[in-house]
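Worksheet for the structure shown next.
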Amino acid sequence: MRAGPAELLRRLCDTTSARLAGAELRERVGQVRAGLDAPLRVAVAGAVSSGKSTLVNALLGLPVAPVDAGECTFVVTQYEYGEDDGRVTVELLDGGVAHSRLLPGHRLPADLGVDVARIRRLRVTLDLPSLRTVTIIDTPGMNTVTAANERAARSMLFGSGEEDDRAQAMIYVLRYVQKFDDNALAEFRGLTDACGMSCVNTLAVLGQVDRRGDEDDPWPTARRLAAKGYRDLRTSVFDVVPVIGLLAETARACPLDAEEVKALSQLADLDEDDLEDYLLDLNDFRTAPDLPVPAGIRQRLVERLHRYGIATAIGALRRGEAPDPARLAAHLLERSGYASAGQAATGSVAAGLAHFARRADQLKALDALTRLRRIARSPAMGSDRSTLDALAAQLDENRPIATALGGLRIFAAAEALGRGTLVLNEEMTAELLLLARHDDPAEQLGLPAGASREEIAAAATAASMRWRTLAMMSEGRTGGHRARDVLTVLEDLVCTALDEGPGPDTPERGGPLPPIPVDPVSVETLRSSPMVPAGDRRAMETLLAGAELATQLGAPPGTPGSELAGYAAALGARFRVLAHRPLSLRQRRAAEALCDACEDVWERHHQDGP
């Protein structure tokens, strides 16, 4: 079984460390190696009072993070797995460490016994299975009043010079607005770019979508705004999802108690119009003397559910949809928008977090690549300089991602798209984002679920022709390298689909088709030119060595002509580009002959039946 990118980078770290003489360099490489084995670090960021800490509690399923009004998270707080549940480690700016514990009910104490100005980071240990794979990091608001708090958040997101400060994925909570203006979009894109984030490791969340007072049901508008936000931010985020964080927190972290459920039931017995009038003004609802529920409990309901939550809970009780507290909690969670229905890959906070968890090894490998490239540029002398130069050569980002790190190709291309070093038209932008957003081959190619292997191979072949053309047009530039990375992924999809053999309803392939007649001498003359890229030379080697048409074109043996037509067209396009290079007359004629032969295959087979 082929090793994944994370395993290959572990080996590279081990080899590099063994060759380095400098202790500091060895330690930095060792930190990268340790990060590959640690849980994925997901930072929750956003503006002050946007609902970050409320969402953190929903993610954890515990009411740990303080959520009082105003700026609650004063320092970076990391929630990580550990059997000593409730231990709080206070890391100080001077390198010292203090210790504390969570209060009963899993709540952070207000007083940690240390001046907040001295604290670099809190590390809270929780015995939660979910934290075995993902560490959740709560950060101060990005627009805080105190510069020290903003620096702490940016230290976590941007990296402070200490290698363990980098988040590897980000959930960014945006305030719910009616539209994203150009300034907001530019600021967000600048933030993600400076953080090293992109559409493969950033989830944008529209929080507090229930706070508009003029809509009984906020979801139609919220979903439209999220869809519009994704269209605006798609090169910067994996998804834009709406959520009512308060309902998610109440349902997952601190369910309503018996007294609160009883109060909701009493309110459900009131006349609908009367109760609706009270809820129009929450201050009236809190203070009205003639309601059957004590004012203190009404205040708690407002704090824990707000207007929409109270109304939706009462509606469920009236319809008999919440006969017990557990069913009521499940209803509130569903109405919060926290989780997708079924196993949807996109559309909710839970789906986004699951996406990060599935791709944790790739995201950690992507972060490790960035850190190792930075290490490779460090000042060094003697044998360490040679070792770092060798490391840089293996991870050179101006070349196509090495075959061994192929799992990162789409990530690298998506990052280049976000940075503007890969410029695409609308069709190819959509193709790349589908490849980056999904795991299933049919979904990656925009095909319906259940598409046949032949349909997948055909779609990938058609897309590969566009990407091959771009790679050749941009050859030698970063955009060309990244286009070739995408091309490789598409070609792998074709090969994987065809290698799986015929499906239960697919007729068996016919016999092998005869090979293209080629002149070995003229092909070897063309291959010898330094103007011919390595990939094209390999294609010519395959063309010479193949015993049948399929293997000549790089397809599995026995591939039918209808599918080989796409291979031939793509190969012909490569040779057509060669024919326009400054080659010798004999070499150009050889390229033209190869191009004509491939196009002849296309003409003969592109309309073949299955």
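Residue names in the structure tokens use chain letters A, B, ... in the order shown, residue numbers from 1 in each chain, and ligand numbers from 1 in the order shown.
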
task: Find the residues around stretch 57-66 of chain A up to 6 Å (only C-alpha atoms counted), leave out those fewer than 5 positions away in its own chain, and share them as a PyMOL selection string.
output: chain A and resi 72+106-108+248-249+252-253

Go ahead and write the residues just picked, all heavy atoms, as a PDB file, in the first residue's frame.
```
ATOM      1  N   CYS A  72     -14.811  37.965  25.826  1.00  0.00           N
ATOM      2  CA  CYS A  72     -14.675  36.946  26.863  1.00  0.00           C
ATOM      3  C   CYS A  72     -13.365  36.179  26.770  1.00  0.00           C
ATOM      4  O   CYS A  72     -12.774  35.832  27.782  1.00  0.00           O
ATOM      5  CB  CYS A  72     -15.834  35.955  26.769  1.00  0.00           C
ATOM      6  SG  CYS A  72     -17.432  36.757  26.906  1.00  0.00           S
ATOM      7  N   HIS A 106     -17.530  21.799  34.124  1.00  0.00           N
ATOM      8  CA  HIS A 106     -16.601  22.060  33.022  1.00  0.00           C
ATOM      9  C   HIS A 106     -16.609  23.528  32.601  1.00  0.00           C
ATOM     10  O   HIS A 106     -16.801  23.862  31.432  1.00  0.00           O
ATOM     11  CB  HIS A 106     -16.923  21.171  31.809  1.00  0.00           C
ATOM     12  CG  HIS A 106     -16.498  19.756  31.961  1.00  0.00           C
ATOM     13  ND1 HIS A 106     -17.334  18.790  32.456  1.00  0.00           N
ATOM     14  CD2 HIS A 106     -15.315  19.148  31.702  1.00  0.00           C
ATOM     15  CE1 HIS A 106     -16.704  17.634  32.490  1.00  0.00           C
ATOM     16  NE2 HIS A 106     -15.469  17.816  32.046  1.00  0.00           N
ATOM     17  N   ARG A 107     -16.362  24.421  33.542  1.00  0.00           N
ATOM     18  CA  ARG A 107     -16.316  25.848  33.220  1.00  0.00           C
ATOM     19  C   ARG A 107     -14.955  26.412  33.613  1.00  0.00           C
ATOM     20  O   ARG A 107     -14.396  26.073  34.663  1.00  0.00           O
ATOM     21  CB  ARG A 107     -17.435  26.603  33.923  1.00  0.00           C
ATOM     22  CG  ARG A 107     -18.822  26.170  33.461  1.00  0.00           C
ATOM     23  CD  ARG A 107     -19.923  26.979  34.114  1.00  0.00           C
ATOM     24  NE  ARG A 107     -21.244  26.523  33.700  1.00  0.00           N
ATOM     25  CZ  ARG A 107     -21.877  26.914  32.592  1.00  0.00           C
ATOM     26  NH1 ARG A 107     -21.285  27.785  31.805  1.00  0.00           N
ATOM     27  NH2 ARG A 107     -23.059  26.437  32.280  1.00  0.00           N
ATOM     28  N   LEU A 108     -14.424  27.276  32.761  1.00  0.00           N
ATOM     29  CA  LEU A 108     -13.143  27.912  33.068  1.00  0.00           C
ATOM     30  C   LEU A 108     -13.294  28.855  34.247  1.00  0.00           C
ATOM     31  O   LEU A 108     -14.250  29.646  34.285  1.00  0.00           O
ATOM     32  CB  LEU A 108     -12.645  28.704  31.855  1.00  0.00           C
ATOM     33  CG  LEU A 108     -11.743  27.999  30.848  1.00  0.00           C
ATOM     34  CD1 LEU A 108     -11.494  28.909  29.656  1.00  0.00           C
ATOM     35  CD2 LEU A 108     -10.425  27.584  31.484  1.00  0.00           C
ATOM     36  N   ALA A 248     -27.265  25.680  19.148  1.00  0.00           N
ATOM     37  CA  ALA A 248     -26.355  24.536  19.091  1.00  0.00           C
ATOM     38  C   ALA A 248     -25.666  24.325  20.435  1.00  0.00           C
ATOM     39  O   ALA A 248     -25.533  23.193  20.908  1.00  0.00           O
ATOM     40  CB  ALA A 248     -25.325  24.746  17.991  1.00  0.00           C
ATOM     41  N   GLU A 249     -25.243  25.418  21.071  1.00  0.00           N
ATOM     42  CA  GLU A 249     -24.605  25.308  22.381  1.00  0.00           C
ATOM     43  C   GLU A 249     -25.577  24.764  23.418  1.00  0.00           C
ATOM     44  O   GLU A 249     -25.238  23.862  24.201  1.00  0.00           O
ATOM     45  CB  GLU A 249     -24.083  26.677  22.829  1.00  0.00           C
ATOM     46  CG  GLU A 249     -23.431  26.638  24.200  1.00  0.00           C
ATOM     47  CD  GLU A 249     -23.190  28.028  24.766  1.00  0.00           C
ATOM     48  OE1 GLU A 249     -24.089  28.885  24.643  1.00  0.00           O
ATOM     49  OE2 GLU A 249     -22.119  28.249  25.350  1.00  0.00           O
ATOM     50  N   ARG A 252     -26.208  20.972  22.626  1.00  0.00           N
ATOM     51  CA  ARG A 252     -25.075  20.043  22.729  1.00  0.00           C
ATOM     52  C   ARG A 252     -24.296  20.163  24.029  1.00  0.00           C
ATOM     53  O   ARG A 252     -23.772  19.163  24.538  1.00  0.00           O
ATOM     54  CB  ARG A 252     -24.106  20.290  21.562  1.00  0.00           C
ATOM     55  CG  ARG A 252     -24.577  19.706  20.253  1.00  0.00           C
ATOM     56  CD  ARG A 252     -23.585  19.980  19.125  1.00  0.00           C
ATOM     57  NE  ARG A 252     -22.227  19.565  19.426  1.00  0.00           N
ATOM     58  CZ  ARG A 252     -21.765  18.323  19.296  1.00  0.00           C
ATOM     59  NH1 ARG A 252     -22.580  17.359  18.888  1.00  0.00           N
ATOM     60  NH2 ARG A 252     -20.501  18.037  19.575  1.00  0.00           N
ATOM     61  N   ALA A 253     -24.194  21.390  24.569  1.00  0.00           N
ATOM     62  CA  ALA A 253     -23.292  21.609  25.697  1.00  0.00           C
ATOM     63  C   ALA A 253     -24.000  21.713  27.042  1.00  0.00           C
ATOM     64  O   ALA A 253     -23.450  21.304  28.065  1.00  0.00           O
ATOM     65  CB  ALA A 253     -22.455  22.868  25.455  1.00  0.00           C
TER      66      ALA A 253
END
```

- prompt: If you run DSSP on the backbone, which residues of stretch 247-472 of chain A are alpha helix (DSSP H), as a ChimeraX atom specification?
  reply: /A:247-252,258-268,272-280,282-287,295-318,325-336,349-358,360-376,382-394,409-419,426-437,441-444,453-472

- prompt: Contacts of A:Glu27 at 9 Å or less, counting only C-alpha atoms, minus same-chain residues fewer than 5 places along, as a ChimeraX atom specification?
  reply: /A:17,22,32

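If only C-alpha atoms are the atoms counted, then among A:Ser198, A:Ala460, A:Asp14, A:Phe238 the closest residue to A:Ala351 is A:Phe238.
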
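With only C-alpha atoms as the basis for measurement, A:Leu578 is the residue among A:Leu55, A:Leu578, A:Leu417, A:Leu264 that approaches A:Ala593 most closely.
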
- request: Find the residues near A:Asp84: any atom within 8 Å, counting only C-alpha atoms, skip ones fewer than 3 places away on the same chain, and give them as JSON, numbers by chain.
  value: {"A": [87, 125, 126, 127]}

Print the selection's residues with N, CA and C atoms to a file, as a CSV table (one decimal), in the first residue's frame.
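The result, written out as selection_2.csv:
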```
chain,number,residue,atom,x,y,z
A,87,ARG,N,-7.9,19.5,33.6
A,87,ARG,CA,-6.6,20.2,33.9
A,87,ARG,C,-6.4,21.4,33.0
A,125,THR,N,-7.2,20.4,29.2
A,125,THR,CA,-7.3,18.9,28.9
A,125,THR,C,-8.7,18.4,29.1
A,126,LEU,N,-9.3,17.8,28.1
A,126,LEU,CA,-10.6,17.2,28.2
A,126,LEU,C,-10.6,15.7,27.7
A,127,ASP,N,-11.3,14.9,28.5
A,127,ASP,CA,-11.3,13.5,28.1
A,127,ASP,C,-12.5,13.3,27.1
```

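Between A:Leu395 and the candidates A:Cys598, A:Met473, A:Leu366, A:Ala413, the tightest atom-to-atom separation, counting only C-alpha atoms, involves A:Leu366.
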
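For the atom pair formed by atom CA of A:Met197 and atom CA of A:Val134, the distance is 16.9 Å, given to one decimal.
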
field: Contact residues around A:Arg19 with only C-alpha atoms at 9 Å, ignoring same-chain residues under 6 positions, as a VMD selection string
entry: chain A and resid 26 383 to 384 387

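Of the residues listed (A:Arg298, A:Arg234, A:Arg358, A:Arg33), A:Arg234 shows the shortest atom-to-atom separation from A:Leu434; distances use only C-alpha atoms.
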
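Considering the residues A:Gly245, A:Gly229, A:Pro104, A:Gly535 and counting only C-alpha atoms, A:Val67 has its shortest atom-to-atom contact with A:Gly245.
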
message: Neighbouring residues of A:Leu12 were defined as those with any atom within 10 Å, considering only C-alpha atoms; residues of the same chain fewer than 5 positions away were excluded. Please report them as a ChimeraX atom specification.
response: /A:6-7,17-18,29,33,372,391,394

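Of note, atom CA of A:Cys199 and atom CA of A:Thr235 are spaced 5.5 Å apart.
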
task: For stretch 414-416 of chain A, work out the shell of residues within 10 Å, counting only C-alpha atoms and skipping chain neighbours fewer than 5 positions away, then give it as a ChimeraX atom specification.
output: /A:193,196-201,235-236,408-409,421-423,429,432-433,435-437,478-479,482-483,486

For N, CA and C atoms, I'd like the residues from the last selection saved as a PDB file, in the first residue's frame.
```
ATOM      1  N   ASP A 193      -5.101  34.718   3.538  1.00  0.00           N
ATOM      2  CA  ASP A 193      -3.830  34.629   2.833  1.00  0.00           C
ATOM      3  C   ASP A 193      -2.664  34.794   3.802  1.00  0.00           C
ATOM      4  N   GLY A 196      -1.990  31.759   5.886  1.00  0.00           N
ATOM      5  CA  GLY A 196      -1.635  30.532   5.198  1.00  0.00           C
ATOM      6  C   GLY A 196      -2.830  29.623   5.014  1.00  0.00           C
ATOM      7  N   MET A 197      -4.037  30.187   5.070  1.00  0.00           N
ATOM      8  CA  MET A 197      -5.252  29.397   4.894  1.00  0.00           C
ATOM      9  C   MET A 197      -5.758  29.535   3.461  1.00  0.00           C
ATOM     10  N   SER A 198      -6.613  28.615   3.061  1.00  0.00           N
ATOM     11  CA  SER A 198      -7.142  28.644   1.699  1.00  0.00           C
ATOM     12  C   SER A 198      -8.479  27.923   1.686  1.00  0.00           C
ATOM     13  N   CYS A 199      -8.963  27.642   0.462  1.00  0.00           N
ATOM     14  CA  CYS A 199     -10.263  26.989   0.353  1.00  0.00           C
ATOM     15  C   CYS A 199     -10.216  25.520   0.768  1.00  0.00           C
ATOM     16  N   VAL A 200      -9.060  24.983   1.082  1.00  0.00           N
ATOM     17  CA  VAL A 200      -9.021  23.595   1.540  1.00  0.00           C
ATOM     18  C   VAL A 200      -9.037  23.483   3.061  1.00  0.00           C
ATOM     19  N   ASN A 201      -8.758  24.585   3.773  1.00  0.00           N
ATOM     20  CA  ASN A 201      -8.690  24.462   5.233  1.00  0.00           C
ATOM     21  C   ASN A 201      -9.344  25.618   5.982  1.00  0.00           C
ATOM     22  N   THR A 235     -12.707  31.031  -3.476  1.00  0.00           N
ATOM     23  CA  THR A 235     -11.283  30.738  -3.598  1.00  0.00           C
ATOM     24  C   THR A 235     -10.563  30.860  -2.259  1.00  0.00           C
ATOM     25  N   SER A 236     -11.286  31.277  -1.210  1.00  0.00           N
ATOM     26  CA  SER A 236     -10.676  31.446   0.114  1.00  0.00           C
ATOM     27  C   SER A 236     -11.225  30.477   1.156  1.00  0.00           C
ATOM     28  N   LEU A 408      -1.208  15.853  -2.175  1.00  0.00           N
ATOM     29  CA  LEU A 408      -1.297  17.293  -1.898  1.00  0.00           C
ATOM     30  C   LEU A 408      -1.441  18.124  -3.163  1.00  0.00           C
ATOM     31  N   ARG A 409      -1.534  17.473  -4.323  1.00  0.00           N
ATOM     32  CA  ARG A 409      -1.543  18.231  -5.574  1.00  0.00           C
ATOM     33  C   ARG A 409      -2.708  19.217  -5.637  1.00  0.00           C
ATOM     34  N   THR A 421      -1.629  33.059  -8.195  1.00  0.00           N
ATOM     35  CA  THR A 421      -0.535  32.579  -9.049  1.00  0.00           C
ATOM     36  C   THR A 421      -1.015  31.539 -10.051  1.00  0.00           C
ATOM     37  N   LEU A 422      -2.237  31.050  -9.882  1.00  0.00           N
ATOM     38  CA  LEU A 422      -2.879  30.189 -10.870  1.00  0.00           C
ATOM     39  C   LEU A 422      -4.148  30.912 -11.313  1.00  0.00           C
ATOM     40  N   VAL A 423      -4.157  31.384 -12.543  1.00  0.00           N
ATOM     41  CA  VAL A 423      -5.275  32.170 -13.066  1.00  0.00           C
ATOM     42  C   VAL A 423      -6.115  31.276 -13.977  1.00  0.00           C
ATOM     43  N   THR A 429     -12.026  27.102 -12.844  1.00  0.00           N
ATOM     44  CA  THR A 429     -12.113  27.413 -11.410  1.00  0.00           C
ATOM     45  C   THR A 429     -13.109  26.478 -10.741  1.00  0.00           C
ATOM     46  N   LEU A 432     -11.628  22.941 -10.410  1.00  0.00           N
ATOM     47  CA  LEU A 432     -10.639  22.801  -9.340  1.00  0.00           C
ATOM     48  C   LEU A 432     -11.309  22.793  -7.976  1.00  0.00           C
ATOM     49  N   LEU A 433     -12.295  23.669  -7.773  1.00  0.00           N
ATOM     50  CA  LEU A 433     -12.940  23.740  -6.464  1.00  0.00           C
ATOM     51  C   LEU A 433     -13.730  22.476  -6.172  1.00  0.00           C
ATOM     52  N   LEU A 435     -12.858  19.482  -7.220  1.00  0.00           N
ATOM     53  CA  LEU A 435     -11.826  18.512  -6.870  1.00  0.00           C
ATOM     54  C   LEU A 435     -11.346  18.709  -5.437  1.00  0.00           C
ATOM     55  N   ALA A 436     -11.224  19.966  -5.011  1.00  0.00           N
ATOM     56  CA  ALA A 436     -10.739  20.266  -3.663  1.00  0.00           C
ATOM     57  C   ALA A 436     -11.808  20.030  -2.602  1.00  0.00           C
ATOM     58  N   ARG A 437     -13.072  20.179  -2.956  1.00  0.00           N
ATOM     59  CA  ARG A 437     -14.156  20.183  -1.980  1.00  0.00           C
ATOM     60  C   ARG A 437     -14.679  18.789  -1.666  1.00  0.00           C
ATOM     61  N   THR A 478       4.773  29.169 -12.094  1.00  0.00           N
ATOM     62  CA  THR A 478       4.083  28.483 -11.001  1.00  0.00           C
ATOM     63  C   THR A 478       2.711  27.982 -11.435  1.00  0.00           C
ATOM     64  N   GLY A 479       1.982  28.824 -12.194  1.00  0.00           N
ATOM     65  CA  GLY A 479       0.662  28.408 -12.652  1.00  0.00           C
ATOM     66  C   GLY A 479       0.725  27.157 -13.508  1.00  0.00           C
ATOM     67  N   ARG A 482       1.278  24.113 -11.207  1.00  0.00           N
ATOM     68  CA  ARG A 482       0.057  23.724 -10.493  1.00  0.00           C
ATOM     69  C   ARG A 482      -0.970  23.131 -11.454  1.00  0.00           C
ATOM     70  N   ALA A 483      -1.027  23.651 -12.698  1.00  0.00           N
ATOM     71  CA  ALA A 483      -1.936  23.067 -13.685  1.00  0.00           C
ATOM     72  C   ALA A 483      -1.543  21.626 -13.980  1.00  0.00           C
ATOM     73  N   VAL A 486      -2.859  19.392 -11.252  1.00  0.00           N
ATOM     74  CA  VAL A 486      -4.270  19.055 -11.431  1.00  0.00           C
ATOM     75  C   VAL A 486      -4.419  18.028 -12.545  1.00  0.00           C
TER      76      VAL A 486
END
```

message: Could you pull out the strand (DSSP E or B) residues of stretch 69-116 of chain A, going by DSSP on the backbone, and write them as a ChimeraX atom specification?
response: /A:76-81,87-92,97-101,103,107
